[in-house]
Amino acid sequence: MAGLEKVSKGDKLKVKADTWNTFVDVANYVRQRMMNQGGSADRTPDDATPFKNTASSDMPQYGVGWLTSAAFQGLLVVQQPSYPCISRIIIASKPSAAGALGAGWTYGLRPVRVANWDSITVGQRIGAQTGSWLAGVDPLGPMLVIGKLDSPLVVVLITGQRGGTKMIRTGSSATAGRPVKVLVFSSRFTLTQTAPGDVTVSGG
Amino acid sequence: MILLVDSNGNIYEAVNIIPGAGATFMNLDGILDLSAYTIQDYGDEITYVE
């Protein structure tokens, strides 16, 4: 801040009125920001990202949504999770009605609603659940439980959006959604490693 | 991470599987959609894609 100089121990402290008022304004600003971190129902915290809730149901505050790869007029599009093991999630910082705009977090320490609150323990990984806005136990989930609040809330650390393939969807109901560790391709396919961990599959 | 094996026996360690030219599968948020192909389930989480 221009015009503001630190003082040493023993120096006489002379504070001008406008300087003092600046400090008061800053203190009030910081206090207000800290109060907003909890995410009140009618106000969007500064670090929340706006999105459009395209689900047919209302998303509750601190619910977990599926952050899809779609976009709506520049906004992220969120749906209710429609299959397990979703890695791209967003936690609603405020309620959002079906088809309406909402806001949420994709990183950091956040409160989140869980199903079966009693059975959730600190240190567990949790993730989105099919057909629900509530998180549930997922050993490879994108959220780590840091603490428990009053039911149905816990505090989680969003550890990131995994890009790794975990499940496959096939035309057969017997094998759809099964986990996969090894994929063996016939001679119709060509595999090319384009970067460490990235493999392009062509042909077929 | 999963292992990809081509018909020549080459093995690739993959975190992201990217559809290239001619491929009709999608990799959507960790779900590899292979419904356009014939799949054989070898068990032990090994899948053959024809």
# chains A, B, ... in the order shown; residues from 1 in each chain; ligands from 1
>>> residues_around(residues="B:Phe25", least_positions_apart="5", cutoff="8 Å", atoms="only C-alpha atoms", output="number ranges by chain")
B: 19, 32-36
>>> closest_atom_pairs(of="chain B", to="chain A", cutoff="6 Å", atoms="only C-alpha atoms", output="tab-separated table")
residue	atom	partner	partner_atom	distance
B:Ile2	CA	A:Lys181	CA	4.7
B:Leu3	CA	A:Val182	CA	4.7
B:Leu4	CA	A:Leu183	CA	4.9
B:Val5	CA	A:Val184	CA	4.7
B:Asp6	CA	A:Phe185	CA	5.0
B:Ser7	CA	A:Ser187	CA	5.0
B:Ala14	CA	A:Gly197	CA	4.4
B:Val15	CA	A:Gly164	CA	4.6
B:Asn16	CA	A:Asp198	CA	4.8
B:Ile17	CA	A:Val199	CA	5.2
B:Ile18	CA	A:Thr200	CA	4.5
B:Pro19	CA	A:Val201	CA	5.2
B:Gly20	CA	A:Ser202	CA	4.2
B:Ala21	CA	A:Ser202	CA	4.9
B:Gly22	CA	A:Gly203	CA	4.4
B:Ala23	CA	A:Gly203	CA	5.1
B:Gly30	CA	A:Thr165	CA	4.1
B:Ile31	CA	A:Met167	CA	5.0
B:Leu32	CA	A:Ile168	CA	4.5
B:Asp33	CA	A:Arg169	CA	4.5
B:Leu34	CA	A:Thr170	CA	5.0
B:Ser35	CA	A:Thr170	CA	3.8
B:Glu45	CA	A:Val180	CA	4.7
B:Ile46	CA	A:Val182	CA	4.7
B:Thr47	CA	A:Leu183	CA	5.0
B:Tyr48	CA	A:Val184	CA	4.7
B:Val49	CA	A:Phe185	CA	4.9
B:Glu50	CA	A:Ser186	CA	5.1
>>> atom_distance(atom1="atom CA of A:Ser56", atom2="atom CA of A:Arg125")
27.5 Å
>>> residues_around(residues="A:Gln73", least_positions_apart="5", cutoff="12 Å", atoms="only C-alpha atoms", output="VMD selection string")
chain A and resid 50 to 52 101
>>> closest_residue(among="A:Ala100, A:Val137, A:Ala17, A:Ile90", to="A:Ser57", atoms="only C-alpha atoms")
A:Ala100
